[in-house]
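Enquirer: If it helps, the file is called protein32.cif and holds mmCIF, C-alpha atoms:
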```cif
data_my_file
#
loop_
_atom_site.group_PDB
_atom_site.id
_atom_site.type_symbol
_atom_site.label_atom_id
_atom_site.label_comp_id
_atom_site.auth_asym_id
_atom_site.auth_seq_id
_atom_site.Cartn_x
_atom_site.Cartn_y
_atom_site.Cartn_z
ATOM 1 C CA MET A 8 81.006 291.929 66.720
ATOM 2 C CA SER A 9 78.644 290.885 63.904
ATOM 3 C CA LEU A 10 76.562 287.913 65.043
ATOM 4 C CA PHE A 11 74.091 285.996 62.907
ATOM 5 C CA LEU A 12 71.638 283.622 64.547
ATOM 6 C CA GLY A 13 70.679 280.238 63.084
ATOM 7 C CA VAL A 14 67.735 278.107 64.238
ATOM 8 C CA ASP A 15 66.995 274.506 63.255
ATOM 9 C CA THR A 16 64.346 272.183 64.708
ATOM 10 C CA SER A 17 64.673 268.995 62.714
ATOM 11 C CA ASN A 18 64.521 265.382 63.826
ATOM 12 C CA TYR A 19 66.213 264.783 66.209
ATOM 13 C CA THR A 20 68.025 267.856 67.543
ATOM 14 C CA THR A 21 66.974 271.312 68.673
ATOM 15 C CA SER A 22 69.752 273.593 67.453
ATOM 16 C CA LEU A 23 70.747 277.226 67.838
ATOM 17 C CA ALA A 24 73.980 278.797 66.652
ATOM 18 C CA ALA A 25 75.532 282.247 66.602
ATOM 19 C CA VAL A 26 78.182 282.835 63.935
ATOM 20 C CA ASP A 27 80.647 285.700 64.354
ATOM 21 C CA THR A 28 81.662 286.795 60.854
ATOM 22 C CA VAL A 29 84.541 288.933 62.140
ATOM 23 C CA ASN A 30 86.387 286.103 63.870
ATOM 24 C CA MET A 31 84.738 283.321 61.781
ATOM 25 C CA THR A 32 83.707 281.393 64.875
ATOM 26 C CA ALA A 33 80.488 279.653 65.821
ATOM 27 C CA ILE A 34 78.838 279.161 69.198
ATOM 28 C CA GLN A 35 76.372 276.283 69.314
ATOM 29 C CA SER A 36 73.546 275.499 71.691
ATOM 30 C CA LYS A 37 71.818 272.221 70.917
ATOM 31 C CA LYS A 38 70.085 269.268 72.522
ATOM 32 C CA LEU A 39 68.828 265.920 71.287
ATOM 33 C CA LEU A 40 65.108 265.272 71.538
ATOM 34 C CA PRO A 41 64.280 262.681 74.220
ATOM 35 C CA VAL A 42 63.592 259.253 72.697
ATOM 36 C CA ALA A 43 62.557 256.291 74.850
ATOM 37 C CA GLU A 44 65.085 253.480 75.159
ATOM 38 C CA GLY A 45 64.529 250.860 72.468
ATOM 39 C CA SER A 46 62.520 253.259 70.339
ATOM 40 C CA LEU A 47 63.413 254.167 66.754
ATOM 41 C CA GLY A 48 62.152 257.734 66.811
ATOM 42 C CA LEU A 49 59.321 260.129 67.613
ATOM 43 C CA ARG A 50 55.981 261.082 66.146
ATOM 44 C CA GLN A 51 56.061 264.532 64.569
ATOM 45 C CA SER A 52 53.599 265.881 67.146
ATOM 46 C CA ASP A 53 55.931 264.774 69.943
ATOM 47 C CA ALA A 54 58.937 266.280 68.147
ATOM 48 C CA VAL A 55 57.173 269.646 67.869
ATOM 49 C CA PHE A 56 56.332 269.519 71.580
ATOM 50 C CA HIS A 57 59.900 268.712 72.665
ATOM 51 C CA HIS A 58 61.396 271.386 70.396
ATOM 52 C CA THR A 59 58.997 273.929 71.887
ATOM 53 C CA VAL A 60 60.046 272.936 75.406
ATOM 54 C CA GLN A 61 63.778 272.955 74.650
ATOM 55 C CA LEU A 62 64.041 276.181 72.632
ATOM 56 C CA PRO A 63 63.766 278.648 75.583
ATOM 57 C CA VAL A 64 66.436 276.735 77.515
ATOM 58 C CA LEU A 65 68.781 276.746 74.534
ATOM 59 C CA PHE A 66 68.225 280.472 73.978
ATOM 60 C CA ASP A 67 69.233 281.041 77.612
ATOM 61 C CA ASN A 68 72.300 278.847 77.157
ATOM 62 C CA LEU A 69 73.316 280.724 74.013
ATOM 63 C CA ALA A 70 72.765 284.082 75.723
ATOM 64 C CA ALA A 71 75.196 282.981 78.444
ATOM 65 C CA GLU A 72 77.892 282.496 75.765
ATOM 66 C CA CYS A 73 77.350 285.635 73.680
ATOM 67 C CA SER A 74 75.346 288.848 73.571
ATOM 68 C CA LEU A 75 72.156 288.245 71.602
ATOM 69 C CA SER A 76 71.766 292.025 71.332
ATOM 70 C CA ASP A 77 74.629 291.855 68.807
ATOM 71 C CA VAL A 78 72.620 289.637 66.430
ATOM 72 C CA LYS A 79 72.217 291.390 63.060
ATOM 73 C CA ALA A 80 69.833 288.944 61.340
ATOM 74 C CA VAL A 81 68.237 285.535 61.846
ATOM 75 C CA GLY A 82 68.071 282.408 59.678
ATOM 76 C CA VAL A 83 65.825 279.386 60.161
ATOM 77 C CA SER A 84 65.282 275.986 58.558
ATOM 78 C CA VAL A 85 61.680 275.798 57.338
ATOM 79 C CA SER A 86 61.597 272.535 55.370
ATOM 80 C CA PRO A 87 63.642 269.375 54.738
ATOM 81 C CA ARG A 88 64.606 270.366 51.166
ATOM 82 C CA SER A 89 64.384 273.459 48.987
ATOM 83 C CA GLU A 90 61.667 272.149 46.730
ATOM 84 C CA GLU A 91 57.926 272.714 46.484
ATOM 85 C CA GLY A 92 55.924 270.487 48.805
ATOM 86 C CA SER A 93 58.820 269.671 51.118
ATOM 87 C CA TYR A 94 57.367 269.848 54.623
ATOM 88 C CA MET A 95 57.695 268.470 58.144
ATOM 89 C CA PRO A 96 55.771 269.824 61.157
ATOM 90 C CA CYS A 97 58.843 269.808 63.436
ATOM 91 C CA PHE A 98 60.254 272.857 61.639
ATOM 92 C CA LEU A 99 57.262 274.943 62.760
ATOM 93 C CA ALA A 100 58.705 275.231 66.277
ATOM 94 C CA GLY A 101 61.872 276.854 64.951
ATOM 95 C CA VAL A 102 59.955 279.113 62.578
ATOM 96 C CA SER A 103 57.767 280.332 65.420
ATOM 97 C CA ALA A 104 60.688 281.033 67.781
ATOM 98 C CA SER A 105 62.888 282.699 65.167
ATOM 99 C CA THR A 106 60.021 284.836 63.861
ATOM 100 C CA ALA A 107 59.279 286.090 67.367
ATOM 101 C CA PHE A 108 62.970 286.805 68.031
ATOM 102 C CA ALA A 109 63.491 288.654 64.751
ATOM 103 C CA SER A 110 60.241 290.649 64.926
ATOM 104 C CA SER A 111 60.851 291.789 68.505
ATOM 105 C CA ARG A 112 64.221 293.224 67.461
ATOM 106 C CA GLY A 113 63.341 294.496 64.003
ATOM 107 C CA LEU A 114 65.740 292.050 62.324
ATOM 108 C CA ASN A 115 65.551 290.408 58.915
ATOM 109 C CA LEU A 116 64.503 286.745 58.932
ATOM 110 C CA HIS A 117 65.869 284.465 56.195
ATOM 111 C CA ARG A 118 64.378 281.042 55.421
ATOM 112 C CA PHE A 119 66.341 278.043 54.233
ATOM 113 C CA SER A 120 65.948 274.301 53.938
ATOM 114 C CA HIS A 121 67.468 271.866 56.408
ATOM 115 C CA GLN A 122 69.519 270.423 53.550
ATOM 116 C CA GLN A 123 70.919 273.831 52.575
ATOM 117 C CA GLY A 124 71.973 274.363 56.158
ATOM 118 C CA HIS A 125 73.784 271.022 56.325
ATOM 119 C CA ILE A 126 75.743 271.780 53.159
ATOM 120 C CA ALA A 127 76.623 275.287 54.356
ATOM 121 C CA ALA A 128 77.769 273.944 57.740
ATOM 122 C CA ALA A 129 80.117 271.533 55.975
ATOM 123 C CA LEU A 130 81.589 274.308 53.818
ATOM 124 C CA PHE A 131 82.005 276.622 56.818
ATOM 125 C CA SER A 132 83.666 274.043 59.047
ATOM 126 C CA ALA A 133 86.037 272.984 56.250
ATOM 127 C CA ASP A 134 86.853 276.620 55.366
ATOM 128 C CA ARG A 135 85.533 276.067 51.837
ATOM 129 C CA LEU A 136 82.844 278.729 51.458
ATOM 130 C CA ASP A 137 84.642 279.615 48.233
ATOM 131 C CA LEU A 138 82.823 276.684 46.615
ATOM 132 C CA LEU A 139 79.610 278.715 46.703
ATOM 133 C CA SER A 140 80.860 280.552 43.620
ATOM 134 C CA GLU A 141 81.075 277.360 41.529
ATOM 135 C CA LYS A 142 79.185 274.163 40.747
ATOM 136 C CA PHE A 143 79.784 271.212 43.044
ATOM 137 C CA LEU A 144 78.294 267.849 43.989
ATOM 138 C CA ALA A 145 76.961 267.560 47.541
ATOM 139 C CA PHE A 146 75.738 264.543 49.462
ATOM 140 C CA HIS A 147 73.304 264.929 52.370
ATOM 141 C CA VAL A 148 73.297 261.676 54.332
ATOM 142 C CA SER A 149 71.299 261.482 57.549
ATOM 143 C CA GLY A 150 68.442 259.687 59.284
ATOM 144 C CA GLY A 151 65.824 261.005 56.904
ATOM 145 C CA THR A 152 67.851 261.672 53.775
ATOM 146 C CA THR A 153 70.343 259.928 51.542
ATOM 147 C CA GLU A 154 70.614 262.231 48.559
ATOM 148 C CA ALA A 155 73.093 263.807 46.182
ATOM 149 C CA VAL A 156 72.463 267.231 44.686
ATOM 150 C CA ILE A 157 74.318 269.408 42.237
ATOM 151 C CA VAL A 158 74.715 272.868 43.756
ATOM 152 C CA SER A 159 74.976 275.816 41.370
ATOM 153 C CA PRO A 160 75.603 279.546 41.968
ATOM 154 C CA ASP A 161 72.431 281.614 41.769
ATOM 155 C CA ASN A 162 71.839 285.286 42.555
ATOM 156 C CA GLU A 163 68.453 284.626 44.149
ATOM 157 C CA ASN A 164 69.238 281.342 45.899
ATOM 158 C CA ILE A 165 72.642 280.914 47.552
ATOM 159 C CA LEU A 166 72.461 277.130 47.310
ATOM 160 C CA LYS A 167 70.420 276.232 44.252
ATOM 161 C CA THR A 168 70.134 272.446 44.324
ATOM 162 C CA GLN A 169 69.253 269.851 41.707
ATOM 163 C CA LEU A 170 68.495 266.350 42.979
ATOM 164 C CA VAL A 171 70.550 263.819 41.009
ATOM 165 C CA ALA A 172 70.607 260.667 43.168
ATOM 166 C CA THR A 173 68.889 259.155 46.175
ATOM 167 C CA SER A 174 68.299 255.978 48.145
ATOM 168 C CA LEU A 175 65.308 254.185 46.670
ATOM 169 C CA ASP A 176 64.208 252.794 50.037
ATOM 170 C CA LEU A 177 65.905 252.824 53.445
ATOM 171 C CA LYS A 178 68.012 255.877 54.282
ATOM 172 C CA ALA A 179 71.561 255.472 55.565
ATOM 173 C CA GLY A 180 70.811 256.977 58.965
ATOM 174 C CA GLN A 181 67.772 254.744 59.357
ATOM 175 C CA ALA A 182 69.937 251.709 58.661
ATOM 176 C CA VAL A 183 72.477 252.841 61.255
ATOM 177 C CA ASP A 184 69.825 253.425 63.905
ATOM 178 C CA ARG A 185 67.880 250.224 63.224
ATOM 179 C CA VAL A 186 70.989 248.079 63.329
ATOM 180 C CA GLY A 187 72.254 249.952 66.377
ATOM 181 C CA VAL A 188 69.026 249.480 68.332
ATOM 182 C CA ALA A 189 68.953 245.794 67.314
ATOM 183 C CA LEU A 190 72.435 245.547 68.877
ATOM 184 C CA GLY A 191 71.160 247.127 72.082
ATOM 185 C CA LEU A 192 72.559 250.613 71.421
ATOM 186 C CA ARG A 193 70.607 253.753 72.253
ATOM 187 C CA PHE A 194 68.906 255.849 69.563
ATOM 188 C CA PRO A 195 70.374 257.734 67.754
ATOM 189 C CA ALA A 196 73.064 255.097 67.384
ATOM 190 C CA GLY A 197 75.539 256.675 64.953
ATOM 191 C CA LYS A 198 78.430 257.449 67.294
ATOM 192 C CA GLN A 199 78.102 254.182 69.220
ATOM 193 C CA LEU A 200 77.924 252.097 66.038
ATOM 194 C CA ASP A 201 81.015 253.887 64.709
ATOM 195 C CA GLU A 202 82.969 253.013 67.853
ATOM 196 C CA LEU A 203 81.750 249.409 67.708
ATOM 197 C CA ALA A 204 82.622 249.011 64.021
ATOM 198 C CA CYS A 205 86.134 250.342 64.602
ATOM 199 C CA ARG A 206 86.783 247.401 66.953
ATOM 200 C CA CYS A 207 86.440 244.978 64.026
ATOM 201 C CA ASP A 208 89.569 244.659 61.888
ATOM 202 C CA GLU A 209 88.195 241.772 59.820
ATOM 203 C CA LYS A 210 87.879 242.434 56.091
ATOM 204 C CA ILE A 211 84.179 242.683 55.218
ATOM 205 C CA LYS A 212 82.993 242.017 51.679
ATOM 206 C CA VAL A 213 79.840 243.784 50.522
ATOM 207 C CA LYS A 214 78.158 244.241 47.167
ATOM 208 C CA PRO A 215 76.084 247.442 47.017
ATOM 209 C CA VAL A 216 72.888 247.563 44.984
ATOM 210 C CA ILE A 217 73.077 250.483 42.542
ATOM 211 C CA ARG A 218 70.470 251.385 39.944
ATOM 212 C CA GLY A 219 71.815 254.128 37.716
ATOM 213 C CA CYS A 220 73.093 256.670 40.228
ATOM 214 C CA ASP A 221 70.626 255.650 42.959
ATOM 215 C CA CYS A 222 71.227 253.100 45.699
ATOM 216 C CA SER A 223 69.151 250.564 47.586
ATOM 217 C CA LEU A 224 69.909 250.099 51.274
ATOM 218 C CA SER A 225 66.954 247.941 52.317
ATOM 219 C CA GLY A 226 69.073 244.798 52.526
ATOM 220 C CA ILE A 227 71.253 246.121 55.354
ATOM 221 C CA GLU A 228 68.699 245.748 58.133
ATOM 222 C CA ASN A 229 67.641 242.195 57.255
ATOM 223 C CA LYS A 230 71.228 241.025 56.741
ATOM 224 C CA CYS A 231 72.399 242.502 60.043
ATOM 225 C CA LYS A 232 69.452 241.104 61.995
ATOM 226 C CA LYS A 233 70.205 237.654 60.558
ATOM 227 C CA MET A 234 73.844 238.042 61.591
ATOM 228 C CA ILE A 235 72.717 238.928 65.109
ATOM 229 C CA ALA A 236 70.375 235.917 65.221
ATOM 230 C CA ASP A 237 73.243 233.692 64.050
ATOM 231 C CA GLY A 238 75.420 234.889 66.922
ATOM 232 C CA VAL A 239 77.847 236.989 64.888
ATOM 233 C CA ALA A 240 79.899 239.356 67.059
ATOM 234 C CA ALA A 241 78.400 242.818 67.486
ATOM 235 C CA GLU A 242 81.579 244.449 66.192
ATOM 236 C CA LYS A 243 81.326 242.544 62.913
ATOM 237 C CA VAL A 244 77.626 243.339 62.501
ATOM 238 C CA ALA A 245 78.349 247.041 63.050
ATOM 239 C CA ARG A 246 81.248 246.927 60.595
ATOM 240 C CA TYR A 247 79.090 245.233 57.944
ATOM 241 C CA CYS A 248 76.473 247.990 58.249
ATOM 242 C CA ILE A 249 79.052 250.765 57.890
ATOM 243 C CA GLU A 250 80.930 249.027 55.059
ATOM 244 C CA TYR A 251 77.715 248.564 53.092
ATOM 245 C CA ILE A 252 76.782 252.242 53.441
ATOM 246 C CA CYS A 253 80.316 253.310 52.528
ATOM 247 C CA ALA A 254 80.399 251.078 49.453
ATOM 248 C CA SER A 255 76.998 252.389 48.349
ATOM 249 C CA LEU A 256 78.055 256.030 48.671
ATOM 250 C CA ASP A 257 81.298 255.246 46.857
ATOM 251 C CA ALA A 258 79.427 253.623 43.959
ATOM 252 C CA MET A 259 76.926 256.492 43.796
ATOM 253 C CA THR A 260 79.746 259.024 43.748
ATOM 254 C CA GLN A 261 81.569 257.290 40.933
ATOM 255 C CA ALA A 262 78.393 256.951 38.879
ATOM 256 C CA LEU A 263 77.575 260.632 39.349
ATOM 257 C CA LEU A 264 81.066 261.831 38.425
ATOM 258 C CA ASP A 265 80.975 259.616 35.352
ATOM 259 C CA LYS A 266 77.606 261.064 34.337
ATOM 260 C CA TYR A 267 78.053 264.756 35.177
ATOM 261 C CA GLY A 268 81.809 265.182 34.981
ATOM 262 C CA LYS A 269 84.460 265.949 37.545
ATOM 263 C CA MET A 270 83.577 268.622 40.106
ATOM 264 C CA PRO A 271 84.271 269.381 43.788
ATOM 265 C CA LEU A 272 82.609 266.925 46.183
ATOM 266 C CA VAL A 273 81.039 267.761 49.551
ATOM 267 C CA PHE A 274 79.649 265.307 52.115
ATOM 268 C CA SER A 275 77.273 266.559 54.819
ATOM 269 C CA GLY A 276 74.800 265.155 57.334
ATOM 270 C CA GLY A 277 75.082 263.138 60.513
ATOM 271 C CA VAL A 278 76.090 259.831 58.901
ATOM 272 C CA MET A 279 79.096 261.527 57.313
ATOM 273 C CA SER A 280 80.674 262.059 60.719
ATOM 274 C CA ASN A 281 81.394 258.319 60.750
ATOM 275 C CA SER A 282 85.167 257.904 61.015
ATOM 276 C CA ILE A 283 85.408 254.928 58.636
ATOM 277 C CA ILE A 284 83.295 256.467 55.873
ATOM 278 C CA SER A 285 84.809 259.946 56.058
ATOM 279 C CA LYS A 286 88.383 258.616 56.037
ATOM 280 C CA ARG A 287 87.871 256.302 53.082
ATOM 281 C CA LEU A 288 85.863 258.643 50.853
ATOM 282 C CA GLY A 289 87.959 261.632 51.868
ATOM 283 C CA GLU A 290 91.160 259.899 50.822
ATOM 284 C CA LYS A 291 89.712 258.537 47.582
ATOM 285 C CA TYR A 292 87.991 261.676 46.310
ATOM 286 C CA GLY A 293 89.635 264.539 48.202
ATOM 287 C CA ALA A 294 86.130 265.442 49.308
ATOM 288 C CA VAL A 295 85.072 268.180 51.718
ATOM 289 C CA PHE A 296 83.584 266.916 55.005
ATOM 290 C CA ALA A 297 82.033 268.778 57.891
ATOM 291 C CA LYS A 298 83.931 268.473 61.146
ATOM 292 C CA PRO A 299 82.077 266.004 63.429
ATOM 293 C CA GLU A 300 80.729 268.782 65.656
ATOM 294 C CA PHE A 301 79.056 270.363 62.620
ATOM 295 C CA SER A 302 77.819 267.160 60.961
ATOM 296 C CA CYS A 303 74.786 266.461 63.123
ATOM 297 C CA ASP A 304 73.598 270.037 63.381
ATOM 298 C CA ASN A 305 72.908 272.688 60.799
ATOM 299 C CA ALA A 306 71.894 275.777 62.792
ATOM 300 C CA VAL A 307 75.449 276.894 62.037
ATOM 301 C CA GLY A 308 74.695 276.482 58.345
ATOM 302 C CA THR A 309 71.553 278.593 58.518
ATOM 303 C CA ALA A 310 73.479 281.283 60.393
ATOM 304 C CA VAL A 311 76.232 281.238 57.760
ATOM 305 C CA LEU A 312 73.711 281.492 54.918
ATOM 306 C CA THR A 313 72.030 284.370 56.737
ATOM 307 C CA ALA A 314 75.344 286.221 56.974
ATOM 308 C CA ILE A 315 75.867 285.722 53.253
ATOM 309 C CA MET A 316 72.373 287.018 52.480
ATOM 310 C CA GLU A 317 73.184 290.054 54.607
ATOM 311 C CA LYS A 318 76.449 290.499 52.649
ATOM 312 C CA SER A 319 78.567 289.987 55.744
ATOM 313 C CA LEU A 320 80.478 287.006 54.358
#
```
The structure given in the file should be rewritten as structure tokens.

Expert:
Amino acid sequence: MSLFLGVDTSNYTTSLAAVDTVNMTAIQSKKLLPVAEGSLGLRQSDAVFHHTVQLPVLFDNLAAECSLSDVKAVGVSVSPRSEEGSYMPCFLAGVSASTAFASSRGLNLHRFSHQQGHIAAALFSADRLDLLSEKFLAFHVSGGTTEAVIVSPDNENILKTQLVATSLDLKAGQAVDRVGVALGLRFPAGKQLDELACRCDEKIKVKPVIRGCDCSLSGIENKCKKMIADGVAAEKVARYCIEYICASLDAMTQALLDKYGKMPLVFSGGVMSNSIISKRLGEKYGAVFAKPEFSCDNAVGTAVLTAIMEKSL
């Protein structure tokens, strides 16, 4: 067995994964960070603390599922994006744990961005790692990021990314969580909001705000809170939020393909596990999506990238 360990300590999940490159399977050990009811998140200092507390437990859980002595190399997310100056303190917990693990066993440690891991997890779960040998357009849509990057093959960087579009204000995942909490759902609210939105079969009209290839999502929160204050059914409020995000991503995608030309399309990140968005954009563009169990976690992606760096994939 050739196992490769991935570690990711982003907001808001502590994640470990072991990828077996012989059988092409992944074992995950992950846990959400504790967020108080009604809250919209954590301070970075609290996130670092909770990751530090949860990592030993998750290592024990992973060790119960596979032999960590079979691990050949380790990968870790060290920053939100693969660009100079990209930094968040929460990643330090994962860097510390993975460095200790790798050093104690004499293993190579490979460093990636959280975004690279998300994209790799999507490719792995969709059995499309072949795309790494060509140029493609990838969206990373989560609580902290709503971005599109062009990914190009590079001998020194497996996933060389060029930022080509972003949200100019609110991020899609923030909109989902803020609307969800306003509806009385628990943070993070993505799965619950998805289920609520699916109970509304009313046709919702939205008009996304697009500037070039970028989007603006700041109007979602205010509109949804007004709907709630006006007594609109929760299902319709949830559906409006999801429809607005979907329409924005659709418009961004079309603008990018018009500007840069046709190329394979990959959607990654927690928001892209939404059943309405993934179905609609998947059918329209034939896009690659991560399976839901790989959307909200990218330790699998870091493990996959590590295996590639070690020439085992």

Enquirer: By how many Å are CA of Leu264 in chain A and CA of Leu144 in chain A apart?

Expert: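 Calculated distance between CA of Leu264 in chain A and CA of Leu144 in chain A is 8.7 Å.
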
Enquirer: Can you work out which one of A:Lys318, A:Arg206, A:Gly124, A:Thr153 has the shortest atom-to-atom distance to Ser17 in chain A, counting only C-alpha atoms?

Expert: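 Closest to Ser17 in chain A of all the choices is A:Gly124.
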
Enquirer: Give as a PyMOL selection string every residue, naming chains and numbers as the document does, that has an atom within 12 Å of (71.9, 252.6, 61.6), counting only C-alpha atoms.

Expert: chain A and resi 47+148-151+177-201+204+224-225+227-228+231-232+244-252+277-278+281

Enquirer: Hey, can you spit out that residue selection with C-alpha atoms as a tab-separated table (two decimals), in the coordinates of the input?

Expert:
```tsv
chain	number	residue	atom	x	y	z
A	47	LEU	CA	63.41	254.17	66.75
A	148	VAL	CA	73.30	261.68	54.33
A	149	SER	CA	71.30	261.48	57.55
A	150	GLY	CA	68.44	259.69	59.28
A	151	GLY	CA	65.82	261.00	56.90
A	177	LEU	CA	65.90	252.82	53.44
A	178	LYS	CA	68.01	255.88	54.28
A	179	ALA	CA	71.56	255.47	55.56
A	180	GLY	CA	70.81	256.98	58.96
A	181	GLN	CA	67.77	254.74	59.36
A	182	ALA	CA	69.94	251.71	58.66
A	183	VAL	CA	72.48	252.84	61.26
A	184	ASP	CA	69.82	253.42	63.90
A	185	ARG	CA	67.88	250.22	63.22
A	186	VAL	CA	70.99	248.08	63.33
A	187	GLY	CA	72.25	249.95	66.38
A	188	VAL	CA	69.03	249.48	68.33
A	189	ALA	CA	68.95	245.79	67.31
A	190	LEU	CA	72.44	245.55	68.88
A	191	GLY	CA	71.16	247.13	72.08
A	192	LEU	CA	72.56	250.61	71.42
A	193	ARG	CA	70.61	253.75	72.25
A	194	PHE	CA	68.91	255.85	69.56
A	195	PRO	CA	70.37	257.73	67.75
A	196	ALA	CA	73.06	255.10	67.38
A	197	GLY	CA	75.54	256.68	64.95
A	198	LYS	CA	78.43	257.45	67.29
A	199	GLN	CA	78.10	254.18	69.22
A	200	LEU	CA	77.92	252.10	66.04
A	201	ASP	CA	81.02	253.89	64.71
A	204	ALA	CA	82.62	249.01	64.02
A	224	LEU	CA	69.91	250.10	51.27
A	225	SER	CA	66.95	247.94	52.32
A	227	ILE	CA	71.25	246.12	55.35
A	228	GLU	CA	68.70	245.75	58.13
A	231	CYS	CA	72.40	242.50	60.04
A	232	LYS	CA	69.45	241.10	62.00
A	244	VAL	CA	77.63	243.34	62.50
A	245	ALA	CA	78.35	247.04	63.05
A	246	ARG	CA	81.25	246.93	60.60
A	247	TYR	CA	79.09	245.23	57.94
A	248	CYS	CA	76.47	247.99	58.25
A	249	ILE	CA	79.05	250.76	57.89
A	250	GLU	CA	80.93	249.03	55.06
A	251	TYR	CA	77.72	248.56	53.09
A	252	ILE	CA	76.78	252.24	53.44
A	277	GLY	CA	75.08	263.14	60.51
A	278	VAL	CA	76.09	259.83	58.90
A	281	ASN	CA	81.39	258.32	60.75
```

Enquirer: Anything within 12 Å of (75.5, 279.7, 46.7): list those residues as a compact mmCIF listing (two decimals) with C-alpha atoms, in the coordinates of the input, counting only C-alpha atoms and sticking to the file's coordinates.

Expert:
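selection-v3.txt written:
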```txt
# COMPACT_ATOMS: atom_id res chain seq x y z
CA PHE A 119 66.34 278.04 54.23
CA GLN A 123 70.92 273.83 52.58
CA GLY A 124 71.97 274.36 56.16
CA ILE A 126 75.74 271.78 53.16
CA ALA A 127 76.62 275.29 54.36
CA LEU A 130 81.59 274.31 53.82
CA ARG A 135 85.53 276.07 51.84
CA LEU A 136 82.84 278.73 51.46
CA ASP A 137 84.64 279.62 48.23
CA LEU A 138 82.82 276.68 46.62
CA LEU A 139 79.61 278.71 46.70
CA SER A 140 80.86 280.55 43.62
CA GLU A 141 81.08 277.36 41.53
CA LYS A 142 79.18 274.16 40.75
CA PHE A 143 79.78 271.21 43.04
CA ILE A 157 74.32 269.41 42.24
CA VAL A 158 74.72 272.87 43.76
CA SER A 159 74.98 275.82 41.37
CA PRO A 160 75.60 279.55 41.97
CA ASP A 161 72.43 281.61 41.77
CA ASN A 162 71.84 285.29 42.56
CA GLU A 163 68.45 284.63 44.15
CA ASN A 164 69.24 281.34 45.90
CA ILE A 165 72.64 280.91 47.55
CA LEU A 166 72.46 277.13 47.31
CA LYS A 167 70.42 276.23 44.25
CA THR A 168 70.13 272.45 44.32
CA VAL A 311 76.23 281.24 57.76
CA LEU A 312 73.71 281.49 54.92
CA THR A 313 72.03 284.37 56.74
CA ILE A 315 75.87 285.72 53.25
CA MET A 316 72.37 287.02 52.48
CA LEU A 320 80.48 287.01 54.36
```

Enquirer: Can you translate the PyMOL selection byres ((chain A and resi 253-256) around 9) into the concrete residues it hits in this file, as a PyMOL selection string?

Expert: chain A and resi 146+213-217+221-224+248-252+257-261+283-285+287-288

Enquirer: Taking the file as shown, what set of residues would the PyMOL selection byres ((chain A and resi 63) around 12) give back, as an MDAnalysis selection string?

Expert: chainID A and resid 21:23 36:38 57:62 64:70 100:101 103:105 107:108
